[in-house]
Structures are given as structure tokens and as C-alpha cells.
file protein.txt (compact mmCIF, C-alpha atoms and all ligand atoms)
# COMPACT_ATOMS: atom_id res chain seq x y z
CA MET A 1 -12.68 -11.87 -17.84
CA LYS A 2 -11.70 -10.09 -14.64
CA THR A 3 -14.17 -7.47 -13.43
CA ALA A 4 -13.17 -4.10 -12.05
CA ILE A 5 -13.61 -3.67 -8.32
CA ILE A 6 -12.98 0.07 -8.57
CA GLN A 7 -13.69 2.21 -11.59
CA CYS A 8 -13.07 5.95 -11.76
CA ARG A 9 -13.96 8.04 -14.79
CA GLN A 10 -13.06 11.72 -15.09
CA LEU A 11 -13.14 11.99 -11.34
CA SER A 12 -12.42 15.43 -9.88
CA HIS A 13 -12.83 16.98 -6.47
CA VAL A 14 -12.68 20.63 -5.50
CA TYR A 15 -12.73 21.94 -1.89
CA SER A 16 -14.02 25.52 -1.92
CA GLY A 17 -11.99 26.53 -4.95
CA LYS A 18 -9.03 24.20 -4.23
CA LEU A 19 -8.61 21.38 -6.78
CA ALA A 20 -7.75 18.23 -4.80
CA LEU A 21 -8.31 15.58 -7.51
CA SER A 22 -8.08 16.29 -11.19
CA ASN A 23 -9.74 14.12 -13.80
CA LEU A 24 -8.71 10.67 -12.52
CA ASN A 25 -9.31 7.72 -14.80
CA PHE A 26 -8.42 4.23 -13.64
CA GLU A 27 -9.73 0.75 -13.10
CA LEU A 28 -8.54 -1.79 -10.54
CA GLU A 29 -9.12 -5.52 -10.43
CA ALA A 30 -9.24 -7.81 -7.42
CA GLY A 31 -5.97 -9.39 -6.33
CA GLU A 32 -2.74 -8.35 -4.66
CA PRO A 33 -2.77 -5.25 -2.40
CA ILE A 34 -2.68 -1.92 -4.23
CA GLY A 35 -0.59 0.97 -2.92
CA LEU A 36 -1.70 4.59 -3.05
CA VAL A 37 1.27 6.93 -2.77
CA GLY A 38 2.03 10.60 -3.20
CA PRO A 39 3.44 13.52 -1.25
CA ASN A 40 1.46 15.38 1.45
CA GLY A 41 -1.59 17.04 -0.04
CA ALA A 42 -1.52 14.88 -3.20
CA GLY A 43 -5.16 13.84 -2.72
CA LYS A 44 -4.86 10.32 -1.27
CA THR A 45 -7.27 10.84 1.64
CA THR A 46 -9.68 12.68 -0.65
CA LEU A 47 -9.70 9.75 -3.07
CA LEU A 48 -10.17 7.19 -0.27
CA SER A 49 -12.96 9.31 1.26
CA ILE A 50 -14.76 9.34 -2.10
CA LEU A 51 -14.31 5.57 -2.48
CA CYS A 52 -15.73 5.07 1.02
CA GLY A 53 -18.74 7.22 0.22
CA PHE A 54 -17.81 9.80 2.92
CA LEU A 55 -17.34 12.50 0.29
CA ARG A 56 -19.20 13.11 -2.95
CA PRO A 57 -16.95 13.92 -5.89
CA THR A 58 -17.44 17.32 -7.51
CA SER A 59 -17.60 15.66 -10.92
CA GLY A 60 -17.01 12.34 -12.65
CA LYS A 61 -18.08 8.79 -11.97
CA VAL A 62 -16.92 6.26 -9.38
CA SER A 63 -18.14 2.75 -8.92
CA LEU A 64 -17.18 -0.14 -6.66
CA PHE A 65 -18.30 -3.53 -7.91
CA GLY A 66 -20.59 -1.60 -10.23
CA TYR A 67 -22.27 0.39 -7.41
CA SER A 68 -21.88 3.97 -6.24
CA PRO A 69 -19.75 4.35 -3.09
CA GLY A 70 -21.91 4.07 0.03
CA ALA A 71 -24.63 2.03 -1.74
CA THR A 72 -26.39 -0.49 0.52
CA GLN A 73 -25.31 -3.29 -1.84
CA LEU A 74 -21.73 -2.62 -0.71
CA ILE A 75 -22.38 -3.22 3.01
CA GLY A 76 -20.17 -6.12 4.05
CA LYS A 77 -18.40 -6.01 0.69
CA VAL A 78 -16.34 -2.84 1.15
CA SER A 79 -14.90 -1.43 4.35
CA ALA A 80 -12.39 1.18 5.40
CA LEU A 81 -9.88 2.10 8.03
CA PRO A 82 -9.82 5.87 8.32
CA GLN A 83 -6.54 7.68 9.09
CA ASP A 84 -7.72 8.49 12.63
CA ALA A 85 -10.01 5.62 13.61
CA ARG A 86 -11.56 6.07 17.07
CA LEU A 87 -12.94 3.50 19.50
CA ASP A 88 -15.64 4.17 22.10
CA PRO A 89 -13.98 4.21 25.56
CA SER A 90 -17.14 2.92 27.31
CA PHE A 91 -17.32 -0.52 25.68
CA THR A 92 -15.00 -3.53 25.56
CA LEU A 93 -13.33 -4.42 22.27
CA ILE A 94 -15.49 -7.49 21.74
CA GLU A 95 -18.68 -5.49 22.45
CA GLN A 96 -17.73 -2.89 19.85
CA LEU A 97 -16.82 -5.48 17.23
CA VAL A 98 -20.01 -7.44 17.88
CA PHE A 99 -21.94 -4.19 17.46
CA TYR A 100 -20.34 -3.55 14.06
CA ALA A 101 -20.94 -7.14 12.98
CA ARG A 102 -24.61 -6.80 13.99
CA LEU A 103 -24.82 -3.65 11.81
CA GLN A 104 -23.93 -5.89 8.86
CA GLY A 105 -27.01 -7.96 9.58
CA LEU A 106 -25.40 -10.89 11.42
CA THR A 107 -27.32 -12.66 14.19
CA ARG A 108 -25.96 -12.21 17.73
CA GLN A 109 -24.24 -15.64 17.65
CA GLN A 110 -22.75 -15.03 14.20
CA ALA A 111 -21.62 -11.56 15.30
CA ILE A 112 -19.85 -12.95 18.38
CA SER A 113 -18.09 -15.59 16.34
CA GLU A 114 -17.09 -13.02 13.67
CA ALA A 115 -15.80 -10.57 16.30
CA ASN A 116 -13.67 -13.33 17.80
CA ARG A 117 -12.39 -14.33 14.36
CA VAL A 118 -11.21 -10.81 13.47
CA LEU A 119 -9.64 -10.25 16.90
CA GLU A 120 -7.72 -13.46 16.42
CA ALA A 121 -6.66 -12.33 12.93
CA VAL A 122 -5.01 -9.26 14.50
CA THR A 123 -3.65 -11.35 17.42
CA LEU A 124 -5.57 -9.50 20.13
CA SER A 125 -7.89 -12.27 21.37
CA ASP A 126 -6.35 -12.09 24.85
CA ILE A 127 -7.63 -8.55 25.46
CA ALA A 128 -11.06 -9.03 23.85
CA HIS A 129 -12.83 -8.11 27.10
CA LYS A 130 -10.75 -5.01 27.85
CA LYS A 131 -11.77 -1.44 27.10
CA PRO A 132 -9.82 0.66 24.57
CA GLN A 133 -7.96 2.55 27.35
CA VAL A 134 -5.53 -0.39 27.70
CA LEU A 135 -4.52 -0.24 24.05
CA SER A 136 -1.26 1.19 22.80
CA HIS A 137 -1.47 3.20 19.57
CA GLY A 138 -0.37 0.14 17.56
CA MET A 139 -2.90 -2.15 19.23
CA GLY A 140 -5.63 0.44 18.59
CA LYS A 141 -4.73 0.41 14.91
CA ARG A 142 -4.95 -3.40 14.89
CA VAL A 143 -8.42 -3.29 16.48
CA ALA A 144 -9.48 -0.81 13.80
CA ILE A 145 -8.15 -3.20 11.15
CA ALA A 146 -10.09 -6.01 12.86
CA GLN A 147 -13.20 -3.86 12.53
CA ALA A 148 -12.49 -3.35 8.83
CA LEU A 149 -12.18 -7.13 8.35
CA ILE A 150 -15.62 -7.95 9.78
CA GLY A 151 -17.73 -9.90 7.29
CA LYS A 152 -14.71 -10.78 5.10
CA PRO A 153 -15.16 -7.80 2.78
CA ALA A 154 -13.91 -8.15 -0.78
CA LEU A 155 -12.32 -4.68 -0.67
CA VAL A 156 -10.71 -2.89 2.29
CA LEU A 157 -9.45 0.67 2.04
CA LEU A 158 -6.66 1.47 4.52
CA ASP A 159 -5.53 5.07 4.99
CA GLU A 160 -2.02 5.10 6.50
CA PRO A 161 -2.41 1.79 8.38
CA THR A 162 1.15 1.82 9.73
CA ALA A 163 1.60 5.55 10.43
CA GLY A 164 3.17 6.14 13.83
CA LEU A 165 3.57 2.44 14.65
CA ASP A 166 6.71 0.88 16.11
CA PRO A 167 8.54 -1.69 13.95
CA VAL A 168 6.93 -4.68 15.73
CA ASN A 169 3.41 -3.38 15.11
CA VAL A 170 4.32 -2.45 11.52
CA ARG A 171 5.40 -6.04 10.99
CA THR A 172 2.21 -7.37 12.57
CA VAL A 173 0.01 -5.12 10.41
CA ARG A 174 1.97 -6.16 7.32
CA SER A 175 1.46 -9.84 8.04
CA ILE A 176 -2.26 -9.30 8.77
CA ILE A 177 -2.63 -7.67 5.35
CA ALA A 178 -0.58 -10.38 3.62
CA GLU A 179 -2.58 -13.16 5.30
CA GLN A 180 -5.96 -11.63 4.52
CA SER A 181 -5.04 -10.84 0.91
CA THR A 182 -6.15 -14.24 -0.32
CA GLU A 183 -9.79 -13.24 0.07
CA THR A 184 -9.64 -9.44 0.32
CA THR A 185 -8.16 -6.80 -1.97
CA PHE A 186 -6.54 -4.01 0.05
CA VAL A 187 -5.96 -0.46 -1.14
CA ILE A 188 -3.32 1.01 1.15
CA SER A 189 -2.31 4.64 1.29
CA SER A 190 1.08 5.17 2.86
CA HIS A 191 4.20 7.31 2.88
CA ASP A 192 6.27 4.27 3.73
CA LEU A 193 7.49 3.07 0.37
CA THR A 194 9.56 0.25 1.79
CA GLU A 195 6.45 -1.08 3.46
CA LEU A 196 4.36 -0.81 0.28
CA ASP A 197 7.17 -2.35 -1.74
CA ARG A 198 6.90 -5.47 0.41
CA LEU A 199 3.13 -5.71 0.10
CA CYS A 200 2.04 -4.30 -3.22
CA GLN A 201 2.54 -5.33 -6.83
CA ARG A 202 0.46 -2.41 -8.05
CA VAL A 203 0.72 1.23 -7.10
CA LEU A 204 -1.24 4.37 -7.89
CA LEU A 205 0.88 7.50 -7.72
CA LEU A 206 -0.88 10.82 -7.15
CA GLU A 207 0.89 14.14 -7.52
CA LYS A 208 -1.03 17.38 -6.88
CA GLY A 209 -4.30 15.57 -7.49
CA ILE A 210 -3.18 14.09 -10.80
CA LEU A 211 -2.74 10.36 -11.29
CA GLN A 212 0.58 9.59 -12.93
CA PRO A 213 -0.74 7.22 -15.61
CA GLU A 214 2.44 5.36 -16.45
CA TYR A 215 2.73 4.23 -12.83
CA ALA A 216 -0.70 2.66 -12.54
CA THR A 217 1.20 -0.61 -12.50
CA ILE A 218 4.84 -0.71 -11.57
CA ASN A 219 5.90 -4.18 -12.48
CA GLU A 220 5.74 -4.00 -16.20
CA GLN A 221 9.10 -4.06 -17.84
CA GLN A 222 10.68 -5.46 -20.96
CA ALA A 223 11.01 -9.18 -20.41
CA ASN A 224 14.77 -9.43 -20.91
CA ILE A 225 15.74 -6.12 -19.25
CA ARG A 226 16.26 -6.68 -15.52
CA PHE A 227 17.49 -4.65 -12.59
CA ILE A 228 19.57 -5.41 -9.54
CA THR A 229 19.80 -2.97 -6.65
CA LEU A 230 23.10 -3.20 -4.83
CA GLN A 231 23.74 -1.59 -1.48
CA MET A 232 27.39 -1.42 -0.52
CA GLU A 233 29.38 -0.57 2.56
CA ALA A 234 31.62 2.47 1.92
CA CYS A 235 33.34 1.85 -1.44
CA PRO A 236 35.05 3.72 -4.30
CA ALA A 237 31.95 4.45 -6.40
CA THR A 238 33.70 5.45 -9.63
CA GLU A 239 35.98 2.40 -9.63
CA LEU A 240 33.13 0.06 -8.73
CA MET A 241 30.91 1.41 -11.51
CA ALA A 242 33.74 1.16 -14.05
CA LYS A 243 34.45 -2.48 -13.14
CA LEU A 244 30.80 -3.55 -13.05
CA GLN A 245 30.24 -1.90 -16.41
CA LEU A 246 32.68 -4.41 -17.95
CA LEU A 247 30.63 -7.43 -16.84
CA ASN A 248 28.87 -9.37 -19.54
CA GLY A 249 25.26 -8.24 -20.09
CA VAL A 250 25.45 -4.98 -18.12
CA GLU A 251 23.65 -2.18 -19.95
CA GLN A 252 23.75 0.64 -17.44
CA ILE A 253 24.79 1.44 -13.87
CA THR A 254 23.41 4.34 -11.89
CA ASN A 255 24.31 5.60 -8.43
CA PRO A 256 21.10 7.30 -7.22
CA GLN A 257 22.30 7.70 -3.64
CA LYS A 258 25.41 7.15 -1.58
CA ASN A 259 26.56 3.50 -1.71
CA GLU A 260 23.51 2.40 -3.73
CA PHE A 261 23.84 1.20 -7.32
CA ILE A 262 21.23 0.08 -9.81
CA ILE A 263 22.48 -2.32 -12.44
CA THR A 264 20.41 -2.63 -15.60
CA TYR A 265 21.23 -5.79 -17.52
CA ASN A 266 20.08 -8.00 -20.33
CA SER A 267 19.15 -11.42 -18.95
CA ASP A 268 19.38 -13.00 -22.44
CA LEU A 269 23.10 -12.18 -22.38
CA GLU A 270 23.71 -13.04 -18.72
CA ALA A 271 21.21 -15.02 -16.67
CA ASN A 272 23.34 -15.18 -13.50
CA MET A 273 24.14 -11.52 -13.06
CA ASP A 274 23.95 -11.77 -9.26
CA MET A 275 26.74 -14.38 -9.23
CA GLN A 276 28.88 -12.24 -11.51
CA LEU A 277 28.38 -9.23 -9.27
CA MET A 278 29.29 -11.16 -6.14
CA GLN A 279 32.46 -12.51 -7.75
CA CYS A 280 33.51 -9.02 -8.87
CA ILE A 281 32.81 -7.58 -5.39
CA SER A 282 34.72 -10.36 -3.71
CA ALA A 283 37.72 -10.13 -6.11
CA ASN A 284 38.02 -6.43 -5.25
CA GLN A 285 37.53 -7.02 -1.51
CA TRP A 286 34.63 -4.61 -1.35
CA ARG A 287 31.87 -5.24 1.18
CA TYR A 288 28.24 -5.29 0.21
CA ARG A 289 25.25 -4.78 2.48
CA GLN A 290 22.38 -6.01 0.33
CA LEU A 291 21.70 -7.24 -3.17
CA SER A 292 18.11 -7.36 -4.38
CA HIS A 293 16.51 -8.16 -7.68
CA GLY A 294 14.47 -5.37 -9.23
CA LYS A 295 14.31 -1.70 -8.34
CA SER A 296 12.88 -0.50 -5.08
CA LEU A 297 9.49 1.21 -5.25
CA GLU A 298 11.23 4.45 -4.27
CA GLU A 299 13.47 4.13 -7.33
CA LYS A 300 10.59 3.30 -9.63
CA LEU A 301 8.53 6.25 -8.48
CA PHE A 302 10.96 9.03 -7.74
CA PHE A 303 14.10 8.39 -9.75
CA ARG A 304 12.37 7.63 -12.98
CA GLU A 305 13.90 8.71 -16.23
N1 LIG A 401 -11.71 19.71 4.06
C1 LIG A 401 -10.88 20.35 3.24
N2 LIG A 401 -11.08 21.64 2.89
C2 LIG A 401 -10.25 22.26 2.04
N3 LIG A 401 -9.16 21.71 1.47
C3 LIG A 401 -8.89 20.44 1.79
C4 LIG A 401 -9.73 19.69 2.69
N4 LIG A 401 -9.23 18.44 2.80
C5 LIG A 401 -8.11 18.40 2.01
N5 LIG A 401 -7.93 19.61 1.41
C6 LIG A 401 -6.85 19.93 0.46
O1 LIG A 401 -6.94 19.03 -0.63
C7 LIG A 401 -5.65 18.60 -1.04
C8 LIG A 401 -5.57 17.08 -0.94
O2 LIG A 401 -5.63 16.71 0.43
P1 LIG A 401 -5.60 15.20 0.95
O3 LIG A 401 -5.77 15.23 2.42
O4 LIG A 401 -6.52 14.39 0.14
O5 LIG A 401 -4.09 14.82 0.59
P2 LIG A 401 -3.22 13.55 1.09
O6 LIG A 401 -2.50 13.06 -0.11
O7 LIG A 401 -4.06 12.60 1.83
O8 LIG A 401 -2.20 14.25 2.08
P3 LIG A 401 -1.43 13.63 3.37
O9 LIG A 401 -0.36 12.73 2.81
O10 LIG A 401 -0.82 14.85 3.97
O11 LIG A 401 -2.42 12.93 4.25
C9 LIG A 401 -4.66 19.33 -0.13
O12 LIG A 401 -4.20 20.46 -0.82
C10 LIG A 401 -5.48 19.72 1.07
O13 LIG A 401 -4.98 20.93 1.63

call {"tool": "encode", "arguments": {"input": "protein.txt", "output": "C-alpha cells"}}
result
Amino acid sequence: MKTAIIQCRQLSHVYSGKLALSNLNFELEAGEPIGLVGPNGAGKTTLLSILCGFLRPTSGKVSLFGYSPGATQLIGKVSALPQDARLDPSFTLIEQLVFYARLQGLTRQQAISEANRVLEAVTLSDIAHKKPQVLSHGMGKRVAIAQALIGKPALVLLDEPTAGLDPVNVRTVRSIIAEQSTETTFVISSHDLTELDRLCQRVLLLEKGILQPEYATINEQQANIRFITLQMEACPATELMAKLQLLNGVEQITNPQKNEFIITYNSDLEANMDMQLMQCISANQWRYRQLSHGKSLEEKLFFRE
């Protein structure tokens, strides 16, 4: 039986009269990264701060691996990257990482080797002996992630890890998370749904402090009902939808935004729907931009029926 790494029961938080989290109940198991999404002010940072032990909930129960957040038993097991992580300008990167590794109880030699390991994981070994002043914003974020990876924690909480990063750094952070996910479960809060879609199989959606229960996991769907998301170059939407509707197995077509179509189909009736779609597009000399299986996370969360 899988054990819960995070358990929240009737968890609420109020800031001087303002309800930020309302009666959250959920349980998460170790595994693939977990996304935490919601509009500004939804309560994501509040929830992560409670999980880190920085903030005590107003009411309810939270446990990580069976312990209260901040418990000494969780040192080395749980770590966090805050939204605005800061580095000390007076010390080199390796000195700061060694310091944090020592705080976890490692010997000096172990701490040096661990600091080098995490710097390598975020591909910054070449500037290990530089001070933080040389870091770009993206590199600073990667050092902070390196710090969160010290001691190979089982759970890492990342608040907006890619916010404000250029596409190259976003890609690097994404691959760091993907690579480390074999031994660490990440909980990642982000506004970037495309990013989370690539990384996460499971998503928690918060709206005004309330967890939307049906979206605790996003990948459940009836086995034979499948989706294809089709992005087209400019095309006659009404004609395209009418023609696709005639294809064998198609149940429904929606057009949530310009040049984007979601085809719902029954895979028992038509297993090769993508081939059928391509043939229909080609026969009509339309041009497509992208065809992907499934719905995007944005569709699942914000265009739900
Ligand atoms: N220290 C505080 N004092 C009072 N209210 C606060 C405090 N921190 C957050 N809030 C309020 O609690 C609610 C949840 O805020 P929180 O920062 O957790 O949301 P969020 O989902 O992380 O938002 P964002 O996406 O903008 O970072 C908001 O209405 C916010 O104004």
C-alpha cells in the first residue's frame, strides 16, 4: 500500500479576518511531480508556507510523512524553494551550499561532495567558487533549486520555480525537475500551465482558497473516450468542424479558441483517429500546426464542462 507523503484534513487559514484557505482535504502519494495551480490570491503560497512549516494553519491538520510540518524528523526529507529565495552576497556558492549541507548533519567532507553534486545537477559546477553577484536571475533560481536538492529529500516544494526565467532557463529547470523526479516528489506551484502540463500528471487546483475536488487528479477519464487537440493555421472553422464530425468514432468537436479544436472520440470505434484527421486535413488542403493526444492542462482546468 502506498503511504501518503502529504495529508491535509479540514485545513483552513485566516489572515486577520481574510480567509486564505478553506477546509482543504487531500492526500498525496510519492511519485510524479504534482502541480499546484490557481489564479492570483488563490492560496498557493499560503498552502506551501504551511507545508514548509513557515506558517501555522488556523485550523485543521497537516502531516508530511506522518509528521507535523517543521518537525525535526523532516530535516533532510522535505525541503522548499520559496518564491523569492535569497543568497548571501558575501559567500561563494559552494560555501553556502556546504553550509546548508552541514546544517543537515553531514560531515565537512560529505557536505562538500553533496554541494558539488547538487551544483552539477543544476549545471552550475563551473561557477561554484563565484559569489552570487555574478548570477543572472535564472542562475540564481537554479542555485536555489540546488539548495533544495541537498540531502536528496523525498519531497521538494517549489513555489513558482520558473517565474521570470527566460526560455532557456525554463527548459533547464524543467529538465532538472524531470531528472530528479525518480527519487524526489516535487510539488510545483506555477501560473505556467504549459510548463506544468509537461511535468505533472497530477494537479491541485485552488480557487479562492477552496480546493476543486474533482481536479485533484487530472488524468482520469473513461477508458475508451479520448481527446485530440488540434491546432490549425487559419482555416474555415465551421466547415472543418462539420467535416471532422463525419469521421468514424467522433463524438464531439469543440472550438475553445481561435484555430484550436478538441476532438472527443471513442477509441473502440476508431483506434487511429490521428491518421483519419490527417487524411481529412490533407484532402481539404488545410494546414495544421500541431496535433496532440489528450487535452491541454489549460483545457482541463479552465474550459471544463
Ligand atoms: N501576510 C498576509 N496578510 C494578509 N493577507 C494575506 C497575507 N498573505 C496572503 N494574504 C491573502 O491571502 C490570500 C491568498 O494569498 P496567497 O499569496 O497564498 O495566494 P497565491 O495563490 O500564492 O497568489 P499568487 O499567485 O498571486 O502568488 C490572498 O487573498 C492574499 O491577499

call {"tool": "closest_residue", "arguments": {"input": "protein.txt", "among": "A:Leu149, A:Ala30, A:Met139, A:Cys280", "to": "Val168 (chain A)", "atoms": "all atoms listed in the file"}}
result
A:Met139

call {"tool": "residues_around", "arguments": {"input": "protein.txt", "residues": "Ile5 (chain A)", "least_positions_apart": "5", "cutoff": "10 Å", "atoms": "only C-alpha atoms", "output": "ChimeraX atom specification"}}
result
/A:27-31,63-67,78,154-155,185

call {"tool": "residues_near_ligand", "arguments": {"input": "protein.txt", "ligand": "ligand LIG 401 (chain A)", "cutoff": "12 Å", "atoms": "all atoms listed in the file", "output": "CSV table (one decimal) with C-alpha atoms, in the coordinates of the input"}}
result
chain,number,residue,atom,x,y,z
A,12,SER,CA,-12.4,15.4,-9.9
A,13,HIS,CA,-12.8,17.0,-6.5
A,14,VAL,CA,-12.7,20.6,-5.5
A,15,TYR,CA,-12.7,21.9,-1.9
A,16,SER,CA,-14.0,25.5,-1.9
A,17,GLY,CA,-12.0,26.5,-5.0
A,18,LYS,CA,-9.0,24.2,-4.2
A,19,LEU,CA,-8.6,21.4,-6.8
A,20,ALA,CA,-7.8,18.2,-4.8
A,21,LEU,CA,-8.3,15.6,-7.5
A,22,SER,CA,-8.1,16.3,-11.2
A,36,LEU,CA,-1.7,4.6,-3.0
A,37,VAL,CA,1.3,6.9,-2.8
A,38,GLY,CA,2.0,10.6,-3.2
A,39,PRO,CA,3.4,13.5,-1.2
A,40,ASN,CA,1.5,15.4,1.4
A,41,GLY,CA,-1.6,17.0,0.0
A,42,ALA,CA,-1.5,14.9,-3.2
A,43,GLY,CA,-5.2,13.8,-2.7
A,44,LYS,CA,-4.9,10.3,-1.3
A,45,THR,CA,-7.3,10.8,1.6
A,46,THR,CA,-9.7,12.7,-0.6
A,47,LEU,CA,-9.7,9.8,-3.1
A,48,LEU,CA,-10.2,7.2,-0.3
A,49,SER,CA,-13.0,9.3,1.3
A,50,ILE,CA,-14.8,9.3,-2.1
A,54,PHE,CA,-17.8,9.8,2.9
A,55,LEU,CA,-17.3,12.5,0.3
A,82,PRO,CA,-9.8,5.9,8.3
A,83,GLN,CA,-6.5,7.7,9.1
A,84,ASP,CA,-7.7,8.5,12.6
A,158,LEU,CA,-6.7,1.5,4.5
A,159,ASP,CA,-5.5,5.1,5.0
A,160,GLU,CA,-2.0,5.1,6.5
A,161,PRO,CA,-2.4,1.8,8.4
A,163,ALA,CA,1.6,5.6,10.4
A,188,ILE,CA,-3.3,1.0,1.2
A,189,SER,CA,-2.3,4.6,1.3
A,190,SER,CA,1.1,5.2,2.9
A,191,HIS,CA,4.2,7.3,2.9
A,192,ASP,CA,6.3,4.3,3.7
A,204,LEU,CA,-1.2,4.4,-7.9
A,205,LEU,CA,0.9,7.5,-7.7
A,206,LEU,CA,-0.9,10.8,-7.2
A,207,GLU,CA,0.9,14.1,-7.5
A,208,LYS,CA,-1.0,17.4,-6.9
A,209,GLY,CA,-4.3,15.6,-7.5
A,210,ILE,CA,-3.2,14.1,-10.8
A,211,LEU,CA,-2.7,10.4,-11.3

call {"tool": "closest_residue", "arguments": {"input": "protein.txt", "among": "A:Val134, A:Ile94, A:Leu87, A:Pro33", "to": "Arg174 (chain A)", "atoms": "all atoms listed in the file"}}
result
A:Pro33

call {"tool": "closest_residue", "arguments": {"input": "protein.txt", "among": "A:Ala178, A:Ala271, A:Ala115, A:Ile263", "to": "Leu97 (chain A)", "atoms": "only C-alpha atoms"}}
result
A:Ala115

call {"tool": "residues_around", "arguments": {"input": "protein.txt", "residues": "region 237-248 of chain A", "least_positions_apart": "3", "cutoff": "12 Å", "atoms": "all atoms listed in the file", "output": "ChimeraX atom specification"}}
result
/A:228,230-234,251-288

call {"tool": "decode", "arguments": {"input": "protein.txt", "residues": "region 7-84 of chain A", "atoms": "C-alpha atoms", "output": "PDB file, in the first residue's frame"}}
result
ATOM      1  CA  GLN A   7      -2.088  14.688   4.253  1.00  0.00           C
ATOM      2  CA  CYS A   8      -4.379  17.659   4.870  1.00  0.00           C
ATOM      3  CA  ARG A   9      -7.579  17.390   6.875  1.00  0.00           C
ATOM      4  CA  GLN A  10     -10.026  20.279   7.236  1.00  0.00           C
ATOM      5  CA  LEU A  11      -7.172  22.689   6.752  1.00  0.00           C
ATOM      6  CA  SER A  12      -8.053  26.387   6.901  1.00  0.00           C
ATOM      7  CA  HIS A  13      -6.031  29.555   7.175  1.00  0.00           C
ATOM      8  CA  VAL A  14      -7.224  33.050   8.007  1.00  0.00           C
ATOM      9  CA  TYR A  15      -5.034  36.202   7.834  1.00  0.00           C
ATOM     10  CA  SER A  16      -6.515  38.829  10.165  1.00  0.00           C
ATOM     11  CA  GLY A  17     -10.086  38.164   9.100  1.00  0.00           C
ATOM     12  CA  LYS A  18      -9.247  37.200   5.485  1.00  0.00           C
ATOM     13  CA  LEU A  19      -9.925  33.531   4.660  1.00  0.00           C
ATOM     14  CA  ALA A  20      -6.995  32.320   2.526  1.00  0.00           C
ATOM     15  CA  LEU A  21      -7.571  28.543   2.692  1.00  0.00           C
ATOM     16  CA  SER A  22     -10.924  26.975   3.333  1.00  0.00           C
ATOM     17  CA  ASN A  23     -11.323  23.459   4.655  1.00  0.00           C
ATOM     18  CA  LEU A  24      -8.837  21.637   2.403  1.00  0.00           C
ATOM     19  CA  ASN A  25      -8.911  17.858   2.435  1.00  0.00           C
ATOM     20  CA  PHE A  26      -6.455  15.910   0.321  1.00  0.00           C
ATOM     21  CA  GLU A  27      -3.786  13.262   0.360  1.00  0.00           C
ATOM     22  CA  LEU A  28      -0.818  12.937  -1.987  1.00  0.00           C
ATOM     23  CA  GLU A  29       1.399   9.954  -2.622  1.00  0.00           C
ATOM     24  CA  ALA A  30       5.020   9.884  -3.748  1.00  0.00           C
ATOM     25  CA  GLY A  31       5.661   9.783  -7.476  1.00  0.00           C
ATOM     26  CA  GLU A  32       5.402  12.099 -10.455  1.00  0.00           C
ATOM     27  CA  PRO A  33       5.578  15.882  -9.857  1.00  0.00           C
ATOM     28  CA  ILE A  34       2.364  17.463  -8.583  1.00  0.00           C
ATOM     29  CA  GLY A  35       1.214  20.853  -9.866  1.00  0.00           C
ATOM     30  CA  LEU A  36      -0.426  23.474  -7.680  1.00  0.00           C
ATOM     31  CA  VAL A  37      -2.375  25.957  -9.770  1.00  0.00           C
ATOM     32  CA  GLY A  38      -4.870  28.740  -9.269  1.00  0.00           C
ATOM     33  CA  PRO A  39      -5.307  32.426 -10.006  1.00  0.00           C
ATOM     34  CA  ASN A  40      -3.518  35.179  -8.046  1.00  0.00           C
ATOM     35  CA  GLY A  41      -4.580  35.148  -4.419  1.00  0.00           C
ATOM     36  CA  ALA A  42      -5.976  31.579  -4.616  1.00  0.00           C
ATOM     37  CA  GLY A  43      -3.886  30.471  -1.617  1.00  0.00           C
ATOM     38  CA  LYS A  44      -0.997  28.581  -3.249  1.00  0.00           C
ATOM     39  CA  THR A  45       1.808  30.324  -1.333  1.00  0.00           C
ATOM     40  CA  THR A  46      -0.195  30.064   1.891  1.00  0.00           C
ATOM     41  CA  LEU A  47      -0.572  26.312   1.408  1.00  0.00           C
ATOM     42  CA  LEU A  48       3.127  25.849   0.568  1.00  0.00           C
ATOM     43  CA  SER A  49       4.123  28.001   3.569  1.00  0.00           C
ATOM     44  CA  ILE A  50       2.025  25.767   5.839  1.00  0.00           C
ATOM     45  CA  LEU A  51       3.552  22.614   4.315  1.00  0.00           C
ATOM     46  CA  CYS A  52       7.040  24.055   4.880  1.00  0.00           C
ATOM     47  CA  GLY A  53       6.237  24.823   8.498  1.00  0.00           C
ATOM     48  CA  PHE A  54       6.733  28.598   7.974  1.00  0.00           C
ATOM     49  CA  LEU A  55       3.094  29.270   8.821  1.00  0.00           C
ATOM     50  CA  ARG A  56       0.809  27.558  11.313  1.00  0.00           C
ATOM     51  CA  PRO A  57      -2.660  26.827   9.974  1.00  0.00           C
ATOM     52  CA  THR A  58      -5.557  28.499  11.761  1.00  0.00           C
ATOM     53  CA  SER A  59      -7.329  25.150  11.986  1.00  0.00           C
ATOM     54  CA  GLY A  60      -7.152  21.588  10.697  1.00  0.00           C
ATOM     55  CA  LYS A  61      -4.425  19.004  10.476  1.00  0.00           C
ATOM     56  CA  VAL A  62      -1.429  18.702   8.160  1.00  0.00           C
ATOM     57  CA  SER A  63       1.162  15.994   8.124  1.00  0.00           C
ATOM     58  CA  LEU A  64       4.150  15.182   5.941  1.00  0.00           C
ATOM     59  CA  PHE A  65       5.295  11.575   6.143  1.00  0.00           C
ATOM     60  CA  GLY A  66       3.186  11.391   9.286  1.00  0.00           C
ATOM     61  CA  TYR A  67       4.908  14.364  10.993  1.00  0.00           C
ATOM     62  CA  SER A  68       3.843  17.958  11.536  1.00  0.00           C
ATOM     63  CA  PRO A  69       5.454  20.437   9.122  1.00  0.00           C
ATOM     64  CA  GLY A  70       8.754  21.718  10.516  1.00  0.00           C
ATOM     65  CA  ALA A  71       9.292  18.636  12.725  1.00  0.00           C
ATOM     66  CA  THR A  72      12.955  17.683  13.197  1.00  0.00           C
ATOM     67  CA  GLN A  73      12.208  14.245  11.718  1.00  0.00           C
ATOM     68  CA  LEU A  74      11.607  16.003   8.387  1.00  0.00           C
ATOM     69  CA  ILE A  75      15.065  17.604   8.167  1.00  0.00           C
ATOM     70  CA  GLY A  76      16.700  16.262   5.019  1.00  0.00           C
ATOM     71  CA  LYS A  77      13.415  14.653   3.976  1.00  0.00           C
ATOM     72  CA  VAL A  78      11.468  17.763   2.962  1.00  0.00           C
ATOM     73  CA  SER A  79      12.800  20.984   1.502  1.00  0.00           C
ATOM     74  CA  ALA A  80      11.457  24.062  -0.207  1.00  0.00           C
ATOM     75  CA  LEU A  81      12.260  26.734  -2.726  1.00  0.00           C
ATOM     76  CA  PRO A  82      10.496  29.908  -1.656  1.00  0.00           C
ATOM     77  CA  GLN A  83       9.105  32.310  -4.286  1.00  0.00           C
ATOM     78  CA  ASP A  84      11.856  34.846  -3.543  1.00  0.00           C
TER      79      ASP A  84
END
